[in-house]
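Notes to accompany the following structure.
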Amino acid sequence: MLGVTVAPNGMAATYTAQFVGRELFEFASQSLWVYISFASALPSGTKITVSNWCVTKAGEIRNPPEPLPRYSEVFEILHPPRPDEREMTEQINCPFHEGSLTPWTSLNIAEGQLSIILPENEKVVIGAGDFPPTRRFELIQVPDTSELIFKDENITLTVRSLLVYGKLRIGGPGCRVQGPIRIIFWGDRSDPDTNLAGFGSKGMAALGVSAHVDMFGRRFYPTWTRLARIVRSGDDRAYLQAAVNWHVGQEVVLTTTTWDDRDTNLPHQNEVLTIKAIGSGGTVVQFDRPVTYTHYAGTEYQGEIALLSRTVEMEGEPSTDGFGGHSVVSGVQGRFAGVSTRYMGQTNVLAKYPFHLHLIGKDSGSMITDSVTRDTYFRCYTIHGTSGSLINENVAFNVTGNCVYIEDGVEEENVFSYNLISHVKPIGSVASQNGDDFVLDTTASGLDSNDRVFPADASSAAFYISNSYNEFIGNVASGGWVGYSFPSLPFSVGIYQNERLVQPRSRPIKRFTGNTCHSSTTVGDITGCIYVGGVLHYGSDNNLHYTFGRESRSTVVEPGFSTTTTPTYMQFNNTLVYAGSKGILHWGDRVEFTRFEMHDVTGSFSTVGEAWLDNGIISGFSGNVDAGFRSYSRRGHDLYDDPAVRIIMSNVEFRNYQSTACASQSFPDVPAVTYPDSSCSPTGDTSLHANTVWLSTYTSSSYAPTYRMATSKITFSNVDYDNLISFKIANTASSRMFNFVDADGSALLEGRPTIVGSNLDWWKICTDCRFEPRWSVWMCPKKPPSDGTTNFEEREVIHVSVATPSIAAGKGGIGGTCQGINGDYSNCDVGKVTLWGSDPSRSMKVSSNPGITGLSSTGWHLQLDRGAAKYLTLQPSQVPAGASFRFSTPYPAGTTFDITGSHPNVADVKFTAVGSLVDLFASEDTTKYFFDNEILYLVPALPSGIRAGGFERAGVTIDPVQSTYVIHIQASCSVDADGFCDVAVSDRLPGWDVVCPTKPVSPGPVLIPSSTPNPPATPIPTVGIIDNYDTGPAGSAFVAVWLLVFTNTLLLLL
């Protein structure tokens, strides 16, 4: 004991303090603790007077650091329920207290006997001293009528194979053992079926209808928690968010908070440390040495610390060839609580994992809780043919292959809660580009080309989820090729290959909430920390393939193969992602991602199909200056060019996207920092910024973007206006048809609903549109302002598919897919489309890939380079109800037409000719056409009875892209060898033009002081930072602008 005299608040008082570390003193019963540093150790009995928290003798005292003002904003950190104190301390109904136990020593085992089969109908109990800890057994077998029970003593059992047909009991519910109890599995790599067919050697196997395993070590709570303060390189202690009941001498791991968790380039930054002292009621842990790396904890996110020690242990031996121990329960029930494993799993040997619940069936009550596995050679926690189990509050560190492993796709309604998985390593080379195909040769070696027994280990994940219909609550995935992997399985695999119990890829997530993913996906944009993609299937060669990349999956309510299905959404709720390449890549048809935070990611989302992103924060930079990816560009959201994309983003704040300076926010105890210009400046291409909110996809003509995204209630903090959009001008369809809709004016600060289009005058539908030179895009009001006499209709982004079915794309027709040549897509262009009117510059090239996207409320004139196609099809694929649209294309004089509209569910409709354009426009019948002997005119629209419902969220609707209603245009002209009319056509444009508003248009967003109501519009500044933007009334916007020019001038004056 060390007496310390303290005078808090100026009043002298003496407290008795327990010395619990070199610098840490715990004051009993006073809820008071201090740090005191000394040059050398003090002798016992030394008195120190502390007055007003200042040491007056022999040292220096510093107050505990202030806590962070918050640990999250939108994301809610979930905590596991605190167990009852009796669960952690009392021992009730312990098996070693039962009667009629047979002592191990009474079995009369010979000194050199290696294999032991317990007698039938006996409960054999092992205690300390029953055999030397160094003795090695070859086999211990428990018959189906017998039990092997361990006393709560210091016991070490070393055995090659432990076969349990009856019961193995180490403690039980209400009986947590203090031990330590160690089971060590020994032996070199051997035939995997040495001791039992299918269950190998060097491990424990519980098999049969009577098999039951209970292992219950001491209850430590929590098994992991988040840091309360940053731990800097050189620090020797950590402040924790939750009070722990851990012990001095136990080992912990501090997880990395950097971007790259791989071992390939630099050492990973997870650190294993030993506890030297614990103070402040369990919220301060001192280590045996200073930490090597910084582990970040700020208001955006905090790293984790996990306990690696338990009182019941299963271990293999360190192995150079990945042949560790294993445990499997394939019986009535397996219950593991407070158990640690190390050097377990056998690399590329199926069914040989650290923890394995195998073919137990449904609702067995099996569980793995508050346990840990570390330094594994193959996987962590495997659920195979088992449903209704609980995997809760576990830890894994330094893992080979997929860790939490839902094996064959039939496993459902399991609960995975509050688990921390860290530092997951792939086996062999990883998937590096879409289309990578890894094949398991089942007829020869049984391995794929990278010597993997399971090809999906090419994308090793913390959580491998072959069937989504399970619950994931409060977990953390740290590291791995991805964090949460949801591969698409058309059918179940493995031993369920020929069964049709469920269709795994159609199953939605039962529950996904409170989960975190970080330090993952360092391979670029081809994946995400949460990755819904890749397909695991049997090919025509009957081999198992894992094909990385895009694979459509349509989630439905019905579990089986019903012909009647109800579409539903993959739902991710309350999610935190940080320090990684991309937050989520979702290749499925429907997803909702709500209540989220993303920090220090190079990209937030890539989705195909319908996606709702709501209530979140996306931040390019945090206060974590050691995140390790400052040289990478950051994009708030990538606008993918696939025509199936329909995204609604609402209630999202973007932070810290700047071109220059890039000063971070000032966080408590984290100084503001200025990053190198090379990582924050434009990339060298004047139309692309390294750090941007909205990034256009521009690279190809393989797809024709449709009306793909709408936004609502978007806000910004510390974002340059220049960096709102990064648009690349390129000769590709994806560049030409770049678009999105700012549904309320908040995303682009226009103060009114606005449509954004590419740099082409094709998007300049009227004089009220304006060109924004900083982004090289056009912006048009969605609803033109009334001029007092005309009430203009609301504009829409529409998409129309045009094809020439009888003319090949290579012959100048439209249809099929053009891939370009070495990134050059000019060979794909076959014509142009021009807005009606007198201005021929308002045009856009048309590629051979079907699909044209533009604005409604006008007419489009299609001109093919080769002339008129005898047979042309037209699909109003995405034309909302009420949106006016006219179409025209030239034909030789004297041509007659047979035009019909067809749909699978209704009878064909024959179009009829009218006598003038006035008659065509005046008619409400959209099955009319007019030909003026040079140009064919139509008003294409979907028949009312076949219009599908739109995708609607947050008051915004995006129409679906339909491909079922087709207008067939058959012309009477004679044709050339390729199918074009053999007579030249007129190059005249339709003279009709849209009526534009006469009111003047503001030159840009209205930037005004928030205290001035409704002032006149002012030009936007040359350089500015958007901060705390809010949409104002009646088409104005209130924005606080910090002028960098003014700031720099002020600095010069100072």
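Residues are named by chain letter and number: chains run A, B, ... in the order of the structure tokens, numbers start at 1 in each chain, and ligands are numbered from 1 in the order shown.
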At most 12 Å is the cut-off: for each residue in stretch 198-222 of chain A with any atom that close to an atom of stretch 369-393 of chain A, write down the nearest atom pair and the distance in Å rounded to one decimal, counting only C-alpha atoms, chain first then increasing number, as a Markdown table.
```
| residue | atom | partner | partner_atom | distance |
| --- | --- | --- | --- | --- |
| A:Asp214 | CA | A:Thr369 | CA | 11.7 |
| A:Met215 | CA | A:Ser371 | CA | 10.2 |
| A:Phe216 | CA | A:Thr369 | CA | 9.3 |
| A:Gly217 | CA | A:Ser371 | CA | 8.7 |
| A:Arg218 | CA | A:Asp370 | CA | 9.4 |
| A:Arg219 | CA | A:Asp370 | CA | 7.4 |
| A:Phe220 | CA | A:Asp370 | CA | 7.5 |
| A:Tyr221 | CA | A:Asp370 | CA | 8.2 |
| A:Pro222 | CA | A:Glu393 | CA | 7.8 |
```
I'd like the contact shell of A:Asn827 - 10 Å cut-off, only C-alpha atoms, skipping same-chain residues fewer than 6 positions apart - returned as an mmCIF file with all heavy atoms, in the first residue's frame.
```
data_model
loop_
_atom_site.group_PDB
_atom_site.id
_atom_site.type_symbol
_atom_site.label_atom_id
_atom_site.label_comp_id
_atom_site.auth_asym_id
_atom_site.auth_seq_id
_atom_site.Cartn_x
_atom_site.Cartn_y
_atom_site.Cartn_z
ATOM 1 N N GLY A 810 -22.350 -4.392 -86.067
ATOM 2 C CA GLY A 810 -21.136 -4.149 -86.841
ATOM 3 C C GLY A 810 -21.398 -3.605 -88.214
ATOM 4 O O GLY A 810 -20.466 -3.190 -88.920
ATOM 5 N N GLY A 812 -23.597 -1.083 -88.711
ATOM 6 C CA GLY A 812 -24.160 0.251 -88.554
ATOM 7 C C GLY A 812 -25.505 0.260 -87.884
ATOM 8 O O GLY A 812 -26.131 1.321 -87.771
ATOM 9 N N CYS A 818 -21.388 -3.410 -77.707
ATOM 10 C CA CYS A 818 -20.112 -3.020 -78.303
ATOM 11 C C CYS A 818 -19.116 -2.768 -77.183
ATOM 12 O O CYS A 818 -19.368 -1.958 -76.288
ATOM 13 C CB CYS A 818 -20.285 -1.765 -79.153
ATOM 14 S SG CYS A 818 -18.748 -1.211 -79.931
ATOM 15 N N GLN A 819 -17.982 -3.460 -77.207
ATOM 16 C CA GLN A 819 -17.007 -3.372 -76.139
ATOM 17 C C GLN A 819 -15.892 -2.371 -76.420
ATOM 18 O O GLN A 819 -15.062 -2.122 -75.560
ATOM 19 C CB GLN A 819 -16.389 -4.760 -75.887
ATOM 20 C CG GLN A 819 -17.395 -5.804 -75.462
ATOM 21 C CD GLN A 819 -18.046 -5.472 -74.134
ATOM 22 O OE1 GLN A 819 -17.506 -4.734 -73.334
ATOM 23 N NE2 GLN A 819 -19.222 -6.025 -73.894
ATOM 24 N N GLY A 820 -15.831 -1.814 -77.591
ATOM 25 C CA GLY A 820 -14.755 -0.892 -77.904
ATOM 26 C C GLY A 820 -13.453 -1.619 -78.199
ATOM 27 O O GLY A 820 -13.356 -2.843 -78.118
ATOM 28 N N ILE A 821 -12.444 -0.831 -78.517
ATOM 29 C CA ILE A 821 -11.125 -1.371 -78.840
ATOM 30 C C ILE A 821 -10.096 -0.661 -77.986
ATOM 31 O O ILE A 821 -9.851 0.534 -78.136
ATOM 32 C CB ILE A 821 -10.791 -1.189 -80.332
ATOM 33 C CG1 ILE A 821 -11.854 -1.878 -81.209
ATOM 34 C CG2 ILE A 821 -9.408 -1.724 -80.644
ATOM 35 C CD1 ILE A 821 -11.690 -1.583 -82.684
ATOM 36 N N SER A 847 -24.721 5.133 -79.794
ATOM 37 C CA SER A 847 -23.872 3.963 -79.990
ATOM 38 C C SER A 847 -24.714 2.771 -80.419
ATOM 39 O O SER A 847 -25.944 2.817 -80.427
ATOM 40 C CB SER A 847 -23.115 3.621 -78.704
ATOM 41 O OG SER A 847 -23.945 2.949 -77.796
ATOM 42 N N SER A 848 -24.044 1.694 -80.782
ATOM 43 C CA SER A 848 -24.749 0.503 -81.225
ATOM 44 C C SER A 848 -25.405 -0.243 -80.070
ATOM 45 O O SER A 848 -26.181 -1.167 -80.295
ATOM 46 C CB SER A 848 -23.776 -0.439 -81.950
ATOM 47 O OG SER A 848 -22.690 -0.774 -81.102
#
```
Requested in this report: Provide the atom CA of A:Gly609 to atom CA of A:Leu942 distance in Å, to one decimal place.
Outcome: 21.1 Å
Report task. Go through A:Ile109, A:Val213, A:Val879, A:Val591 and flag the residue nearest A:Phe150, using only C-alpha atoms for the distances. Result ->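 Nearest to A:Phe150: A:Val213.
Look at A:Asn656: the protein and nucleic acid residues within 7 Å of it, using only C-alpha atoms and passing over chain neighbours fewer than 5 places away, are Ser619, Gly620, Phe621, Ser717, Asn718 and Val719 of chain A.
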Requested in this report: Write out as a ChimeraX atom specification the residues lying within 8 Å of stretch 564-581 of chain A, counting only C-alpha atoms and excluding same-chain residues fewer than 5 positions away.
Outcome: /A:74-76,257-260,301,508-509,511-525,528-529,554-558,590-603,627
Requested in this report: State, in Å with one decimal place, the distance from atom CA of A:Phe771 to atom CA of A:Trp992.
Outcome: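 Taking atom CA of A:Phe771 as the start and atom CA of A:Trp992 as the end point, the length is 23.5 Å.
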Query - Interatomic distance, atom CA of A:Phe416 to atom CA of A:Gly303 (Å, one decimal) - result: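 Pair atom CA of A:Phe416 / atom CA of A:Gly303 returns 20.4 Å.
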Query raised in the report: How would you write, as a PyMOL selection string, the set of residues in stretch 282-492 of chain A that DSSP gives as helix (DSSP H, G or I)?
Result: chain A and resi 282+455-459
For the residues in that selection, give me N, CA, C and O atoms as an mmCIF file, in the first residue's frame.
```cif
data_model
loop_
_atom_site.group_PDB
_atom_site.id
_atom_site.type_symbol
_atom_site.label_atom_id
_atom_site.label_comp_id
_atom_site.auth_asym_id
_atom_site.auth_seq_id
_atom_site.Cartn_x
_atom_site.Cartn_y
_atom_site.Cartn_z
ATOM 1 N N GLY A 282 -12.203 -0.695 -14.074
ATOM 2 C CA GLY A 282 -12.168 -1.554 -15.252
ATOM 3 C C GLY A 282 -12.202 -0.819 -16.557
ATOM 4 O O GLY A 282 -12.322 -1.447 -17.615
ATOM 5 N N PRO A 455 -13.089 -22.815 -53.331
ATOM 6 C CA PRO A 455 -12.652 -21.698 -54.181
ATOM 7 C C PRO A 455 -13.035 -20.325 -53.658
ATOM 8 O O PRO A 455 -12.351 -19.347 -53.970
ATOM 9 N N ALA A 456 -14.114 -20.219 -52.862
ATOM 10 C CA ALA A 456 -14.516 -18.899 -52.363
ATOM 11 C C ALA A 456 -13.571 -18.360 -51.307
ATOM 12 O O ALA A 456 -13.714 -17.205 -50.880
ATOM 13 N N ASP A 457 -12.574 -19.152 -50.890
ATOM 14 C CA ASP A 457 -11.538 -18.592 -50.018
ATOM 15 C C ASP A 457 -10.656 -17.607 -50.770
ATOM 16 O O ASP A 457 -9.787 -16.966 -50.173
ATOM 17 N N ALA A 458 -10.866 -17.484 -52.079
ATOM 18 C CA ALA A 458 -10.204 -16.419 -52.841
ATOM 19 C C ALA A 458 -10.698 -15.051 -52.402
ATOM 20 O O ALA A 458 -10.076 -14.037 -52.703
ATOM 21 N N SER A 459 -11.820 -15.007 -51.724
ATOM 22 C CA SER A 459 -12.360 -13.746 -51.203
ATOM 23 C C SER A 459 -12.603 -13.879 -49.711
ATOM 24 O O SER A 459 -13.698 -13.622 -49.223
#
```
Requested in this report: Pick out the residues sitting within 7 Å of stretch 919-926 of chain A, and hand them over as a list in words; count only C-alpha atoms, and ignore anything fewer than 5 positions along from it in its own chain.
Outcome: Val914, Val939, Pro940 and Ala941 of chain A
Report task. Could you give me, as a list in words, the residues within 8 Å of A:Lys811, counting only C-alpha atoms and dropping anything in the same chain fewer than 3 positions from it? Result -> Ile807, Ala808 and Asp978 of chain A
